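Step one of this worksheet: look at the structure below.
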Amino acid sequence: MNSMFICPKCKNRLNSFKCTVCGYEVPRINFIYQFCSDAPVKFDGENQYIGYDGIGEDFEPAVTYWDTNNTERYGVYEACGDLIAEKFGKGITVLDLGAGLGTASIPLAKNGLYTIAADISNVMLSTAVKRANGRFDKLICARMNAYELMLADNSVDIVVENAMIHLVDNPEDVIREIKRVLKHDGYLIRYGSYAQPLNKEETEKNTYCNAVLSDISDFYYQKLTQQGYKGVWFDNHANDYIEKNFEQPYNEVAESFSEIFTEKLKFRLYRMRKGAHSDLQNTPKEFIAKAWEAADCYAKEKYGEDYINIEGFSRYGAAIDLYKVKE
Ligand SMILES: C[S@@+](CC[C@H](N)C(=O)[O-])C[C@H]1O[C@@H](n2cnc3c(N)ncnc32)[C@H](O)[C@@H]1O
């Protein structure tokens, strides 16, 4: 192992997963190193966060019911991973913070980069482990809390943060941690996609799909609210803190990547049915089931039995946004 990890007990630098200073051995459960024992979600007191134990594979329906014959398809994430390897070489260490199902981590590891897939959710990480299938010596799955990373100061070249920072109520502390672990010439990278033009017919279909989605979604949330649902959300202004602490991003585009996504409605409604949304973490499963049943009935009546197959159209490319710590 590389020696960027620190001991969760005595905070000394580790040379192996057993600390030579205090003797503590970092537990490993299902190939996930347990660098913390914090709860998977925290909704009170200081430093709250929404971990995804309650969401798991439902976060990415493709992992569950699409592409089951082609689990090696990571789309934008694949293109972004390739771009990072091309730009920075294979000798670097990347922390994928809030790695979830490993969708960004695995393409990085496939490129031979030393990759730490860190997440507060063992449930999410166990899918990453399953997808990696023991193939990558340089992929470490680690249960860590973004508020207190068990990594040494100035120890990683790149922190990838992708759809994670909105899940904490105190982004300032998480950003402080990101800055602490980044090497002086390191980068925070956020993955992006940019829209490419659609033709007229695609545009019209897309507009219709979006309207259907928001109609069904409004109905579903109305049903939840009638049952007493109260959403969990942090209005945390994370982007303002990123701007305050990092130089304006610059952008690199993965030239060869272009994808068309038509299954937006299917994808989003699957998540809705499964309650796979951050704001539903406190909502009893029976509320979700009832609201979905009503929404499904409503949608069938209004848009037809086969409404789930209404296609949306978005064509997009992949890009990485690079941020440097402000001096
Ligand atoms: C929306 S998912 C994104 C996963 C992945 N980055 C992607 O783009 O596919 C956010 C992830 O952040 C994790 N997370 C939330 N709070 C966290 C915290 N305090 N520390 C580490 N991970 C956290 C969740 O468990 C979840 O897996």
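Labels for the structure tokens follow display order: chains A, B, ..., residues from 1 in each chain, ligands from 1.
Using only C-alpha atoms and all ligand atoms, residues with at least one atom at most 7 Å away from any atom of ligand 1 are Tyr49, Ile50, Gly51, Tyr52, Asp53, Leu97, Gly98, Ala99, Gly100, Leu101, Gly102, Thr103, Ala104, Ala118, Asp119, Ile120, Ser121, Met124, Met144, Asn145, Ala146, Tyr147, Glu161, Asn162, Ala163, Met164, Leu167 and Val168 of chain A.
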Legend entry - Nearby residues (only C-alpha atoms) at most 9 Å from A:Thr203, same-chain spacing under 6 positions excluded, as a count of residues only: 4
Inset, instruction - Using DSSP on the backbone, list every residue of stretch 79-164 of chain A that comes out as strand (DSSP E), and give them as a ChimeraX atom specification. - result: /A:93-97,114-119,139-143,156-161
Legend entry - Nearby residues (only C-alpha atoms) at most 7 Å from stretch 187-192 of chain A, same-chain spacing under 4 positions excluded, as a VMD selection string: chain A and resid 80 157 to 162 318 to 324
Could you write those residues out with N, CA and C atoms, as a short mmCIF file (atom, residue, chain, number, x, y, z; two decimals), in the first residue's frame?
data_model
loop_
_atom_site.label_atom_id
_atom_site.label_comp_id
_atom_site.auth_asym_id
_atom_site.auth_seq_id
_atom_site.Cartn_x
_atom_site.Cartn_y
_atom_site.Cartn_z
N CYS A 80 -13.82 10.57 -18.58
CA CYS A 80 -13.12 11.48 -17.66
C CYS A 80 -11.90 10.78 -17.04
N ASP A 157 -2.66 13.57 -5.27
CA ASP A 157 -2.48 14.48 -6.42
C ASP A 157 -3.81 15.07 -6.88
N ILE A 158 -4.85 14.25 -6.82
CA ILE A 158 -6.14 14.70 -7.32
C ILE A 158 -7.25 14.22 -6.40
N VAL A 159 -8.15 15.13 -6.07
CA VAL A 159 -9.39 14.72 -5.41
C VAL A 159 -10.50 14.86 -6.44
N VAL A 160 -11.18 13.75 -6.70
CA VAL A 160 -12.37 13.81 -7.55
C VAL A 160 -13.58 13.94 -6.62
N GLU A 161 -14.34 14.99 -6.83
CA GLU A 161 -15.59 15.14 -6.06
C GLU A 161 -16.72 15.21 -7.07
N ASN A 162 -17.57 14.25 -7.01
CA ASN A 162 -18.62 14.18 -8.00
C ASN A 162 -19.95 13.91 -7.33
N ALA A 318 -18.14 14.69 -22.56
CA ALA A 318 -17.58 14.64 -21.20
C ALA A 318 -16.52 15.71 -21.04
N ALA A 319 -16.43 16.23 -19.81
CA ALA A 319 -15.41 17.24 -19.54
C ALA A 319 -14.97 17.10 -18.09
N ILE A 320 -13.76 17.55 -17.80
CA ILE A 320 -13.36 17.63 -16.39
C ILE A 320 -13.12 19.10 -16.04
N ASP A 321 -13.61 19.51 -14.88
CA ASP A 321 -13.38 20.87 -14.40
C ASP A 321 -12.25 20.79 -13.37
N LEU A 322 -11.18 21.51 -13.63
CA LEU A 322 -10.02 21.44 -12.72
C LEU A 322 -9.96 22.69 -11.85
N TYR A 323 -9.74 22.48 -10.57
CA TYR A 323 -9.65 23.60 -9.62
C TYR A 323 -8.32 23.50 -8.87
N LYS A 324 -7.68 24.64 -8.71
CA LYS A 324 -6.42 24.71 -7.95
C LYS A 324 -6.64 25.50 -6.68
#
Legend entry - Non-local contacts of stretch 224-241 of chain A (7 Å; only C-alpha atoms; under 3 positions in same chain excluded) as a list in words: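 Neighbouring residues, sequence-local ones excluded: Ile165, His166, Leu167, Val168, Asp169, Asn170, Pro171, Glu172, Tyr220, Tyr221, Lys244, Asn245, Asp279, Leu280, Thr283, Phe287, Ile288 and Ala291 of chain A.
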Inset, instruction - Kindly give the distance, in Å, that separates atom CA of A:Val174 and atom CA of A:Val325, rounded to a single decimal. - result: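 Computed distance, atom CA of A:Val174 to atom CA of A:Val325, equals 13.9 Å.
The spacing separating atom CA of A:Ala195 from atom CA of A:Arg315 amounts to 6.0 Å.
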Inset, instruction - as number ranges by chain, list the residues of stretch 120-287 of chain A assigned to helix (DSSP H, G or I) by DSSP on the backbone atoms of this structure. - result: A: 122-132, 165-167, 171-181, 200-226, 238-245, 264-274, 278-280, 285-287
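Using only C-alpha atoms for every distance, the candidate list A:Val156, A:Cys36, A:Ala79, A:Ala276 yields A:Val156 as the residue closest to A:Gly91.
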Inset, instruction - Quote the spacing between atom CA of A:Lys110 and atom CA of A:Val26 in Å to one decimal place. - result: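 Taking atom CA of A:Lys110 and atom CA of A:Val26, their separation equals 25.3 Å.
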Give me the residues of stretch 145-222 of chain A that have any atom at most 9 Å from an atom of stretch 249-273 of chain A; for each, the nearest atom pair and the distance in Å, rounded to one decimal. Use only C-alpha atoms, sort by chain and number, and format it as a tab-separated table.
residue	atom	partner	partner_atom	distance
A:Ile189	CA	A:Pro249	CA	8.8
A:Ser193	CA	A:Val253	CA	8.8
A:Tyr194	CA	A:Val253	CA	8.9
A:Gln196	CA	A:Ser258	CA	8.4
A:Asn206	CA	A:Thr262	CA	8.6
A:Cys209	CA	A:Leu265	CA	6.8
A:Asn210	CA	A:Leu265	CA	7.9
A:Val212	CA	A:Leu265	CA	8.2
A:Leu213	CA	A:Leu265	CA	6.3
A:Ile216	CA	A:Leu269	CA	8.7
A:Ser217	CA	A:Met272	CA	8.1
A:Tyr220	CA	A:Met272	CA	8.4
How close does stretch 32-116 of chain A get to stretch 179-182 of chain A? List, as a tab-separated table, each residue of stretch 32-116 of chain A within 12 Å, its nearest atom pair and the distance in Å to one decimal, counting only C-alpha atoms.
residue	atom	partner	partner_atom	distance
A:Ile92	CA	A:Leu182	CA	11.8
A:Thr93	CA	A:Leu182	CA	10.0
A:Val94	CA	A:Leu182	CA	9.5
A:Leu95	CA	A:Leu182	CA	9.2
A:Leu97	CA	A:Val181	CA	11.6
Legend entry - Residue nearest A:Phe59 - candidates A:Thr207, A:Thr127, A:Ser214, A:Asn154, atoms counted: only C-alpha atoms: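 Closest to A:Phe59 of all the choices is A:Thr127.
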